[in-house]
$ cat work-v2.pdb   # PDB, C-alpha atoms
ATOM      1  CA  MET A   1      -3.616 207.566 140.671
ATOM      2  CA  SER A   2      -1.491 208.871 137.780
ATOM      3  CA  ARG A   3      -2.520 212.063 136.060
ATOM      4  CA  PRO A   4      -3.561 211.721 132.403
ATOM      5  CA  LEU A   5      -1.080 212.949 129.810
ATOM      6  CA  PRO A   6      -1.912 216.060 127.788
ATOM      7  CA  LYS A   7      -2.678 215.662 124.107
ATOM      8  CA  ALA A   8       0.843 216.629 123.015
ATOM      9  CA  GLY A   9       2.286 214.087 125.438
ATOM     10  CA  ARG A  10       0.059 211.339 124.072
ATOM     11  CA  TYR A  11       1.126 212.092 120.495
ATOM     12  CA  ALA A  12       4.759 212.071 121.572
ATOM     13  CA  LEU A  13       4.245 208.702 123.278
ATOM     14  CA  ARG A  14       2.680 207.245 120.147
ATOM     15  CA  ALA A  15       5.525 208.537 117.985
ATOM     16  CA  ALA A  16       8.019 207.075 120.444
ATOM     17  CA  SER A  17       6.355 203.643 120.313
ATOM     18  CA  LEU A  18       6.527 203.682 116.513
ATOM     19  CA  GLY A  19      10.171 204.764 116.627
ATOM     20  CA  ILE A  20      11.016 201.956 119.063
ATOM     21  CA  ALA A  21       9.368 199.403 116.772
ATOM     22  CA  LEU A  22      11.363 200.677 113.789
ATOM     23  CA  GLY A  23      14.539 200.620 115.859
ATOM     24  CA  VAL A  24      13.982 196.996 116.875
ATOM     25  CA  TRP A  25      13.310 196.099 113.233
ATOM     26  CA  GLN A  26      16.551 197.817 112.123
ATOM     27  CA  LEU A  27      18.546 196.111 114.862
ATOM     28  CA  LEU A  28      17.252 192.601 114.159
ATOM     29  CA  THR A  29      17.695 192.832 110.380
ATOM     30  CA  SER A  30      21.086 194.579 110.389
ATOM     31  CA  LEU A  31      22.531 191.959 112.767
ATOM     32  CA  ASP A  32      21.013 189.078 110.719
ATOM     33  CA  ILE A  33      19.367 187.545 113.763
ATOM     34  CA  ASP A  34      18.243 183.968 113.073
ATOM     35  CA  LEU A  35      16.632 182.333 116.046
ATOM     36  CA  TRP A  36      13.189 180.878 115.465
ATOM     37  CA  LEU A  37      12.353 183.741 113.078
ATOM     38  CA  ARG A  38      14.698 184.446 110.165
ATOM     39  CA  PHE A  39      15.254 188.190 110.235
ATOM     40  CA  SER A  40      18.252 187.793 107.928
ATOM     41  CA  GLN A  41      15.759 187.429 105.047
ATOM     42  CA  PHE A  42      14.169 190.799 105.805
ATOM     43  CA  PRO A  43      15.290 194.113 104.340
ATOM     44  CA  THR A  44      16.416 196.703 106.845
ATOM     45  CA  VAL A  45      14.530 199.887 107.588
ATOM     46  CA  ALA A  46      17.174 201.816 105.649
ATOM     47  CA  ASP A  47      16.650 199.585 102.603
ATOM     48  CA  VAL A  48      12.895 200.113 102.711
ATOM     49  CA  ALA A  49      13.358 203.876 103.133
ATOM     50  CA  ARG A  50      15.621 204.020 100.066
ATOM     51  CA  ALA A  51      13.169 201.968  98.028
ATOM     52  CA  PHE A  52      10.339 204.211  99.213
ATOM     53  CA  ALA A  53      12.231 207.335  98.101
ATOM     54  CA  ASP A  54      12.946 205.813  94.691
ATOM     55  CA  ARG A  55       9.310 204.790  94.294
ATOM     56  CA  LEU A  56       8.037 208.250  95.226
ATOM     57  CA  SER A  57      10.162 209.857  92.526
ATOM     58  CA  GLY A  58       8.557 207.752  89.780
ATOM     59  CA  PRO A  59       5.091 208.047  88.200
ATOM     60  CA  ASP A  60       4.021 204.419  88.784
ATOM     61  CA  TYR A  61       3.638 204.832  92.532
ATOM     62  CA  TRP A  62       1.121 207.644  92.217
ATOM     63  CA  THR A  63      -0.764 205.795  89.471
ATOM     64  CA  ASP A  64      -1.013 202.735  91.704
ATOM     65  CA  LEU A  65      -2.148 204.901  94.610
ATOM     66  CA  THR A  66      -4.837 206.614  92.548
ATOM     67  CA  ASP A  67      -6.165 203.345  91.125
ATOM     68  CA  SER A  68      -6.391 201.629  94.522
ATOM     69  CA  LEU A  69      -8.089 204.629  96.152
ATOM     70  CA  THR A  70     -10.569 204.909  93.270
ATOM     71  CA  ARG A  71     -11.491 201.236  93.577
ATOM     72  CA  ILE A  72     -11.815 201.453  97.357
ATOM     73  CA  LEU A  73     -13.923 204.605  97.396
ATOM     74  CA  THR A  74     -16.236 203.423  94.616
ATOM     75  CA  GLY A  75     -16.907 200.022  96.144
ATOM     76  CA  PHE A  76     -17.107 201.318  99.704
ATOM     77  CA  LEU A  77     -19.546 204.141  98.907
ATOM     78  CA  LEU A  78     -21.810 201.709  97.044
ATOM     79  CA  ALA A  79     -21.633 199.304  99.994
ATOM     80  CA  ALA A  80     -22.382 202.097 102.472
ATOM     81  CA  VAL A  81     -25.511 203.249 100.626
ATOM     82  CA  LEU A  82     -26.889 199.815  99.741
ATOM     83  CA  GLY A  83     -25.825 198.218 103.031
ATOM     84  CA  VAL A  84     -27.589 200.829 105.156
ATOM     85  CA  ALA A  85     -30.699 200.770 102.948
ATOM     86  CA  THR A  86     -30.898 196.963 102.955
ATOM     87  CA  GLY A  87     -30.220 196.740 106.691
ATOM     88  CA  VAL A  88     -33.020 199.188 107.507
ATOM     89  CA  LEU A  89     -35.390 197.426 105.113
ATOM     90  CA  VAL A  90     -34.715 193.957 106.532
ATOM     91  CA  ALA A  91     -34.979 195.220 110.120
ATOM     92  CA  ARG A  92     -38.243 197.103 109.541
ATOM     93  CA  SER A  93     -40.118 194.807 107.147
ATOM     94  CA  ARG A  94     -40.992 191.163 107.784
ATOM     95  CA  LEU A  95     -41.680 190.655 104.084
ATOM     96  CA  ALA A  96     -38.210 191.941 103.154
ATOM     97  CA  GLU A  97     -36.666 189.765 105.855
ATOM     98  CA  ASP A  98     -38.428 186.676 104.508
ATOM     99  CA  LEU A  99     -37.496 187.446 100.895
ATOM    100  CA  LEU A 100     -33.930 188.753 101.262
ATOM    101  CA  GLY A 101     -32.829 187.240 104.572
ATOM    102  CA  PRO A 102     -32.197 183.650 103.404
ATOM    103  CA  VAL A 103     -30.249 184.739 100.323
ATOM    104  CA  LEU A 104     -28.126 187.221 102.270
ATOM    105  CA  GLU A 105     -27.373 184.754 105.050
ATOM    106  CA  VAL A 106     -26.245 182.116 102.545
ATOM    107  CA  VAL A 107     -23.959 184.521 100.656
ATOM    108  CA  ARG A 108     -22.595 186.335 103.727
ATOM    109  CA  PRO A 109     -20.218 183.589 104.996
ATOM    110  CA  ILE A 110     -18.502 183.352 101.584
ATOM    111  CA  PRO A 111     -15.197 185.296 101.695
ATOM    112  CA  ALA A 112     -15.202 188.185  99.253
ATOM    113  CA  ILE A 113     -11.853 187.124  97.823
ATOM    114  CA  ALA A 114     -13.398 183.736  96.931
ATOM    115  CA  LEU A 115     -15.717 185.617  94.559
ATOM    116  CA  VAL A 116     -12.825 186.630  92.281
ATOM    117  CA  PRO A 117     -13.608 183.851  89.736
ATOM    118  CA  VAL A 118     -17.256 184.926  89.786
ATOM    119  CA  ALA A 119     -16.234 188.540  89.173
ATOM    120  CA  ILE A 120     -13.989 187.520  86.274
ATOM    121  CA  LEU A 121     -16.848 185.592  84.646
ATOM    122  CA  LEU A 122     -19.541 188.136  85.470
ATOM    123  CA  PHE A 123     -17.986 191.486  84.557
ATOM    124  CA  PRO A 124     -16.491 192.454  81.198
ATOM    125  CA  SER A 125     -13.437 194.191  82.699
ATOM    126  CA  ASN A 126     -11.072 193.517  85.578
ATOM    127  CA  GLU A 127     -11.706 197.015  86.924
ATOM    128  CA  GLN A 128     -15.408 196.375  87.439
ATOM    129  CA  GLY A 129     -14.655 192.996  88.989
ATOM    130  CA  ILE A 130     -12.280 194.509  91.557
ATOM    131  CA  VAL A 131     -14.866 197.158  92.480
ATOM    132  CA  PHE A 132     -17.410 194.345  92.895
ATOM    133  CA  ILE A 133     -15.054 192.498  95.269
ATOM    134  CA  THR A 134     -14.511 195.677  97.276
ATOM    135  CA  PHE A 135     -18.246 196.331  97.404
ATOM    136  CA  THR A 136     -19.018 192.790  98.586
ATOM    137  CA  ALA A 137     -16.360 192.955 101.305
ATOM    138  CA  ALA A 138     -17.840 196.099 102.864
ATOM    139  CA  PHE A 139     -21.519 195.410 102.173
ATOM    140  CA  PHE A 140     -22.154 192.669 104.708
ATOM    141  CA  PRO A 141     -20.505 194.321 107.770
ATOM    142  CA  VAL A 142     -22.550 197.455 107.071
ATOM    143  CA  LEU A 143     -25.722 195.425 106.517
ATOM    144  CA  VAL A 144     -25.399 193.375 109.707
ATOM    145  CA  SER A 145     -24.474 196.308 111.946
ATOM    146  CA  THR A 146     -27.327 198.427 110.553
ATOM    147  CA  ARG A 147     -29.838 195.630 111.025
ATOM    148  CA  HIS A 148     -28.834 195.058 114.646
ATOM    149  CA  ALA A 149     -28.740 198.795 115.406
ATOM    150  CA  VAL A 150     -32.258 199.350 114.025
ATOM    151  CA  ARG A 151     -33.703 196.375 115.873
ATOM    152  CA  ALA A 152     -32.137 197.570 119.133
ATOM    153  CA  LEU A 153     -34.009 200.897 119.071
ATOM    154  CA  THR A 154     -36.561 201.374 121.808
ATOM    155  CA  PRO A 155     -40.155 201.488 120.497
ATOM    156  CA  VAL A 156     -41.002 204.379 122.833
ATOM    157  CA  TRP A 157     -39.413 206.876 120.423
ATOM    158  CA  GLU A 158     -41.439 205.609 117.503
ATOM    159  CA  GLU A 159     -44.632 205.703 119.546
ATOM    160  CA  ALA A 160     -43.876 209.292 120.525
ATOM    161  CA  VAL A 161     -43.590 210.333 116.873
ATOM    162  CA  LEU A 162     -46.829 208.515 116.042
ATOM    163  CA  THR A 163     -48.556 210.272 118.921
ATOM    164  CA  MET A 164     -47.516 213.643 117.525
ATOM    165  CA  GLY A 165     -48.934 212.755 114.107
ATOM    166  CA  GLY A 166     -45.754 211.680 112.343
ATOM    167  CA  GLY A 167     -45.851 209.146 109.542
ATOM    168  CA  ARG A 168     -43.561 206.355 108.362
ATOM    169  CA  TRP A 169     -41.033 208.626 106.645
ATOM    170  CA  ARG A 170     -40.959 210.940 109.644
ATOM    171  CA  ILE A 171     -40.138 207.983 111.893
ATOM    172  CA  LEU A 172     -37.398 206.888 109.511
ATOM    173  CA  ALA A 173     -35.794 210.344 109.353
ATOM    174  CA  SER A 174     -36.250 211.358 112.995
ATOM    175  CA  VAL A 175     -35.917 208.091 114.911
ATOM    176  CA  VAL A 176     -34.533 205.159 112.947
ATOM    177  CA  LEU A 177     -31.569 206.666 111.122
ATOM    178  CA  PRO A 178     -30.355 208.985 113.917
ATOM    179  CA  GLY A 179     -30.771 206.286 116.552
ATOM    180  CA  ALA A 180     -28.931 203.685 114.481
ATOM    181  CA  LEU A 181     -26.031 205.957 113.487
ATOM    182  CA  PRO A 182     -23.550 204.657 116.113
ATOM    183  CA  GLY A 183     -24.110 201.080 114.989
ATOM    184  CA  ILE A 184     -23.991 202.053 111.326
ATOM    185  CA  PHE A 185     -20.611 203.733 111.695
ATOM    186  CA  GLY A 186     -19.330 200.739 113.599
ATOM    187  CA  GLY A 187     -20.121 198.639 110.546
ATOM    188  CA  LEU A 188     -18.573 201.237 108.230
ATOM    189  CA  SER A 189     -15.327 201.179 110.217
ATOM    190  CA  VAL A 190     -15.156 197.394 109.923
ATOM    191  CA  GLY A 191     -16.169 197.508 106.267
ATOM    192  CA  ILE A 192     -13.421 199.909 105.176
ATOM    193  CA  GLY A 193     -10.769 197.684 106.733
ATOM    194  CA  VAL A 194     -12.110 194.519 105.114
ATOM    195  CA  SER A 195     -12.342 196.388 101.796
ATOM    196  CA  TRP A 196      -8.622 197.134 101.863
ATOM    197  CA  ILE A 197      -7.794 193.496 102.532
ATOM    198  CA  CYS A 198      -9.922 192.284  99.651
ATOM    199  CA  VAL A 199      -9.020 194.960  97.109
ATOM    200  CA  ILE A 200      -5.311 194.276  97.599
ATOM    201  CA  SER A 201      -5.907 190.541  97.172
ATOM    202  CA  ALA A 202      -8.033 191.127  94.072
ATOM    203  CA  GLU A 203      -5.357 193.381  92.564
ATOM    204  CA  MET A 204      -2.766 190.695  93.169
ATOM    205  CA  ILE A 205      -4.871 188.138  91.310
ATOM    206  CA  SER A 206      -6.448 190.012  88.405
ATOM    207  CA  GLY A 207      -5.491 193.666  88.626
ATOM    208  CA  GLN A 208      -3.530 195.993  86.424
ATOM    209  CA  TYR A 209      -1.894 198.764  88.394
ATOM    210  CA  GLY A 210      -2.723 199.356  92.024
ATOM    211  CA  VAL A 211      -0.796 198.927  95.273
ATOM    212  CA  GLY A 212      -1.620 195.226  95.526
ATOM    213  CA  TYR A 213      -0.619 194.557  91.923
ATOM    214  CA  ARG A 214       2.713 196.358  92.376
ATOM    215  CA  THR A 215       3.430 194.551  95.649
ATOM    216  CA  TRP A 216       2.901 191.176  93.982
ATOM    217  CA  GLN A 217       5.107 192.158  91.050
ATOM    218  CA  ASP A 218       7.904 193.125  93.445
ATOM    219  CA  TYR A 219       7.579 189.747  95.135
ATOM    220  CA  THR A 220       7.841 187.856  91.837
ATOM    221  CA  VAL A 221      11.112 189.635  90.989
ATOM    222  CA  VAL A 222      12.470 189.120  94.546
ATOM    223  CA  ASN A 223      12.397 192.836  95.373
ATOM    224  CA  TYR A 224      11.635 192.467  99.063
ATOM    225  CA  ALA A 225      12.247 196.127  99.841
ATOM    226  CA  GLY A 226       9.564 196.986  97.267
ATOM    227  CA  VAL A 227       7.229 194.478  98.905
ATOM    228  CA  PHE A 228       7.627 196.300 102.222
ATOM    229  CA  VAL A 229       7.024 199.621 100.495
ATOM    230  CA  GLY A 230       3.681 198.247  99.331
ATOM    231  CA  MET A 231       2.864 196.915 102.788
ATOM    232  CA  VAL A 232       3.630 200.247 104.452
ATOM    233  CA  THR A 233       1.559 202.070 101.830
ATOM    234  CA  ILE A 234      -1.396 199.750 102.426
ATOM    235  CA  GLY A 235      -1.145 200.210 106.186
ATOM    236  CA  VAL A 236      -1.010 204.002 105.978
ATOM    237  CA  LEU A 237      -3.906 204.184 103.498
ATOM    238  CA  GLY A 238      -6.028 201.848 105.612
ATOM    239  CA  TRP A 239      -5.298 203.883 108.744
ATOM    240  CA  LEU A 240      -6.153 207.179 107.031
ATOM    241  CA  THR A 241      -9.438 205.957 105.553
ATOM    242  CA  SER A 242     -10.615 204.268 108.758
ATOM    243  CA  THR A 243      -9.715 207.400 110.729
ATOM    244  CA  ALA A 244     -11.724 209.505 108.275
ATOM    245  CA  VAL A 245     -14.753 207.250 108.751
ATOM    246  CA  GLU A 246     -14.396 207.431 112.534
ATOM    247  CA  LEU A 247     -14.096 211.243 112.534
ATOM    248  CA  LEU A 248     -17.155 211.540 110.289
ATOM    249  CA  GLY A 249     -19.081 209.281 112.655
ATOM    250  CA  ARG A 250     -18.114 211.393 115.667
ATOM    251  CA  ARG A 251     -19.173 214.549 113.878
ATOM    252  CA  LEU A 252     -22.562 213.151 112.900
ATOM    253  CA  THR A 253     -23.221 211.786 116.396
ATOM    254  CA  ARG A 254     -22.221 214.859 118.397
ATOM    255  CA  TRP A 255     -25.600 214.736 120.135
ATOM    256  CA  LEU A 256     -24.636 211.520 121.910
ATOM    257  CA  PRO A 257     -23.322 211.773 125.496
ATOM    258  CA  ARG A 258     -19.554 211.304 125.628
ATOM    259  CA  THR A 259     -17.627 209.719 128.472
ATOM    260  CA  SER A 260     -13.912 210.260 128.970
ATOM    261  CA  TYR A 261     -12.044 207.140 130.043
ATOM    262  CA  VAL A 262      -8.861 207.448 132.070
ATOM    263  CA  ALA A 263      -6.946 204.240 132.688
ATOM    264  CA  GLY A 264      -6.545 203.469 136.364
ATOM    265  CA  ALA A 265      -9.040 206.055 137.506
ATOM    266  CA  ARG A 266     -11.872 204.968 139.763
ATOM    267  CA  GLN A 267     -15.309 206.270 139.107
ATOM    268  CA  LYS A 268     -16.639 207.834 142.287
ATOM    269  CA  THR A 269     -20.276 207.264 143.030
ATOM    270  CA  PRO A 270     -21.818 210.292 144.701
ATOM    271  CA  ARG A 271     -23.436 209.543 148.024
ATOM    272  CA  ALA A 272     -26.397 211.373 149.407
ATOM    273  CA  ALA A 273     -25.411 213.849 152.067
ATOM    274  CA  THR A 274     -26.548 212.959 155.563
ATOM    275  CA  PRO A 275     -28.263 215.905 157.282
ATOM    276  CA  PRO A 276     -26.969 217.018 160.671
ATOM    277  CA  ALA A 277     -28.559 215.546 163.764
ATOM    278  CA  ARG A 278     -30.237 218.824 164.688
ATOM    279  CA  LEU A 279     -31.963 218.952 161.301
ATOM    280  CA  ARG A 280     -33.250 215.396 161.353
ATOM    281  CA  LYS A 281     -36.951 214.973 161.925
ATOM    282  CA  ALA A 282     -38.005 213.213 165.073
ATOM    283  CA  PRO A 283     -39.902 209.995 164.393
ATOM    284  CA  GLU A 284     -43.647 210.256 164.573
ATOM    285  CA  PRO A 285     -45.317 208.585 167.582
ATOM    286  CA  GLU A 286     -47.570 206.505 165.330
ATOM    287  CA  ALA A 287     -44.541 205.240 163.435
ATOM    288  CA  GLU A 288     -42.801 204.265 166.657
ATOM    289  CA  GLU A 289     -45.881 202.387 167.915
ATOM    290  CA  ALA A 290     -46.245 200.541 164.596
ATOM    291  CA  ARG A 291     -42.572 199.569 164.719
ATOM    292  CA  ASP A 292     -42.885 198.296 168.283
ATOM    293  CA  GLU A 293     -45.934 196.220 167.396
ATOM    294  CA  HIS A 294     -44.095 194.783 164.414
ATOM    295  CA  LEU A 295     -41.150 193.793 166.564
ATOM    296  CA  VAL A 296     -43.435 192.155 169.102
TER
END
$ encode --input "work-v2.pdb" --output "structure tokens"
Amino acid sequence: MSRPLPKAGRYALRAASLGIALGVWQLLTSLDIDLWLRFSQFPTVADVARAFADRLSGPDYWTDLTDSLTRILTGFLLAAVLGVATGVLVARSRLAEDLLGPVLEVVRPIPAIALVPVAILLFPSNEQGIVFITFTAAFFPVLVSTRHAVRALTPVWEEAVLTMGGGRWRILASVVLPGALPGIFGGLSVGIGVSWICVISAEMISGQYGVGYRTWQDYTVVNYAGVFVGMVTIGVLGWLTSTAVELLGRRLTRWLPRTSYVAGARQKTPRAATPPARLRKAPEPEAEEARDEHLV
């Protein structure tokens, strides 16, 4: 069984894997490899790095970054609050489930990006429409995960609070929300990723400024290095925001038991120790007679 790497070794391994991927990209594009995939059409890593440096020195990049982050955070925070509240309400109230459930289940399969025409007609500005698309993208993952997490709670906890004289709000604050937190943050992690996909698509269609808008503009003027700058920016921003959500979830659920997983390690099941022969009790005569009668 191999020993697990220390934390510094794991970070070094991750950095090495990223460096190897960049090296393969540079090799394939610099040699103009054209097999089944046409790498000759791709910019090299050096080209993207130069375009990235040029973009960082200008004001448009930071304006695009600020606009995209503002849209994401506004829509995602609204989705987090309303998604958790609606999920708890639907899971705890049959009346709310009967009233809201059919409407939500009909709207949920519709892709958020397909609502762009609705947002253009519904809202007076493109900015509000993009925030609406971002909100819709994150709302349903949060809603569904919250609903399932609340319904999966054991009723024993709620009965214990009722036995001690707690009311409905006490149950909600002490049992429902803490118990459903792992599921809620699972939905938040999914929601932030889907929000990035949809906000970039919405910016490409009807946005002014933003990472998605700039990436589409670079594509229309055949600036492929700029397109990759936008893609890298989107990937880094999505990774940072999803990591922030995950770290917040771990901090708020510190009371949960944690298990450390080591690949390749076998979990040993403790066996009860067998007492020495001199410490074992001699069988009772009645027990021996009963056993003999049973065998007969």
$ closest_atom_pairs --input "work-v2.pdb" --of "segment 165-275 of chain A" --to "segment 64-87 of chain A" --cutoff "6 Å" --atoms "only C-alpha atoms" --output "Markdown table"
| residue | atom | partner | partner_atom | distance |
| --- | --- | --- | --- | --- |
| A:Tyr209 | CA | A:Asp64 | CA | 5.2 |
| A:Gly210 | CA | A:Asp64 | CA | 3.8 |
| A:Val211 | CA | A:Asp64 | CA | 5.2 |
$ resolve_selection --input "work-v2.pdb" --expression "the PyMOL selection byres ((chain A and resi 189) around 12)" --output "ChimeraX atom specification"
/A:76,80,138-139,141-142,145,182-188,190-196,238-250
$ resolve_selection --input "work-v2.pdb" --expression "the PyMOL selection byres ((chain A and resi 202) around 8)" --output "number ranges by chain"
A: 113, 116, 130, 133, 198-201, 203-207, 212
$ resolve_selection --input "work-v2.pdb" --expression "the PyMOL selection byres ((chain A and resi 92) around 12)" --output "PyMOL selection string"
chain A and resi 85-91+93-98+146-153+155+168+171-172+176-177
$ closest_residue --input "work-v2.pdb" --among "A:Thr44, A:Thr154, A:Thr233, A:Thr29" --to "Arg214 of chain A" --atoms "all atoms listed in the file"
A:Thr233
$ atom_distance --input "work-v2.pdb" --atom1 "atom CA of Pro124 of chain A" --atom2 "atom CA of Thr63 of chain A"
22.2 Å
$ atom_distance --input "work-v2.pdb" --atom1 "atom CA of Ala49 of chain A" --atom2 "atom CA of Thr134 of chain A"
29.6 Å
$ atom_distance --input "work-v2.pdb" --atom1 "atom CA of Trp36 of chain A" --atom2 "atom CA of Gly230 of chain A"
25.5 Å
$ residues_around --input "work-v2.pdb" --residues "Val229 of chain A" --least-positions-apart "5" --cutoff "12 Å" --atoms "all atoms listed in the file" --output "MDAnalysis selection string"
chainID A and resid 43:56 61 211:212 214:216 218:219 223:224 234:236
$ closest_residue --input "work-v2.pdb" --among "A:Leu256, A:Leu37, A:Ala21, A:Leu100" --to "Gly179 of chain A" --atoms "all atoms listed in the file"
A:Leu256
$ residues_around --input "work-v2.pdb" --residues "Phe39 of chain A" --least-positions-apart "6" --cutoff "8 Å" --atoms "only C-alpha atoms" --output "list in words"
Leu28, Thr29, Asp32 and Ile33 of chain A
$ write_last_selection --input "work-v2.pdb" --atoms "C-alpha atoms" --output "PDB file, in the coordinates of the input"
ATOM      1  CA  LEU A  28      17.252 192.601 114.159  1.00  0.00           C
ATOM      2  CA  THR A  29      17.695 192.832 110.380  1.00  0.00           C
ATOM      3  CA  ASP A  32      21.013 189.078 110.719  1.00  0.00           C
ATOM      4  CA  ILE A  33      19.367 187.545 113.763  1.00  0.00           C
TER       5      ILE A  33
END
$ closest_residue --input "work-v2.pdb" --among "A:Ala160, A:Pro109, A:Ile120, A:Ile20" --to "Ala137 of chain A" --atoms "only C-alpha atoms"
A:Pro109
$ axis_aligned_box --input "work-v2.pdb" --around "segment 139-149 of chain A" --padding-each-side "5 Å" --output "JSON"
{"center_x": -25.2, "center_y": 195.7, "center_z": 108.8, "size_x": 19.3, "size_y": 16.1, "size_z": 23.2}
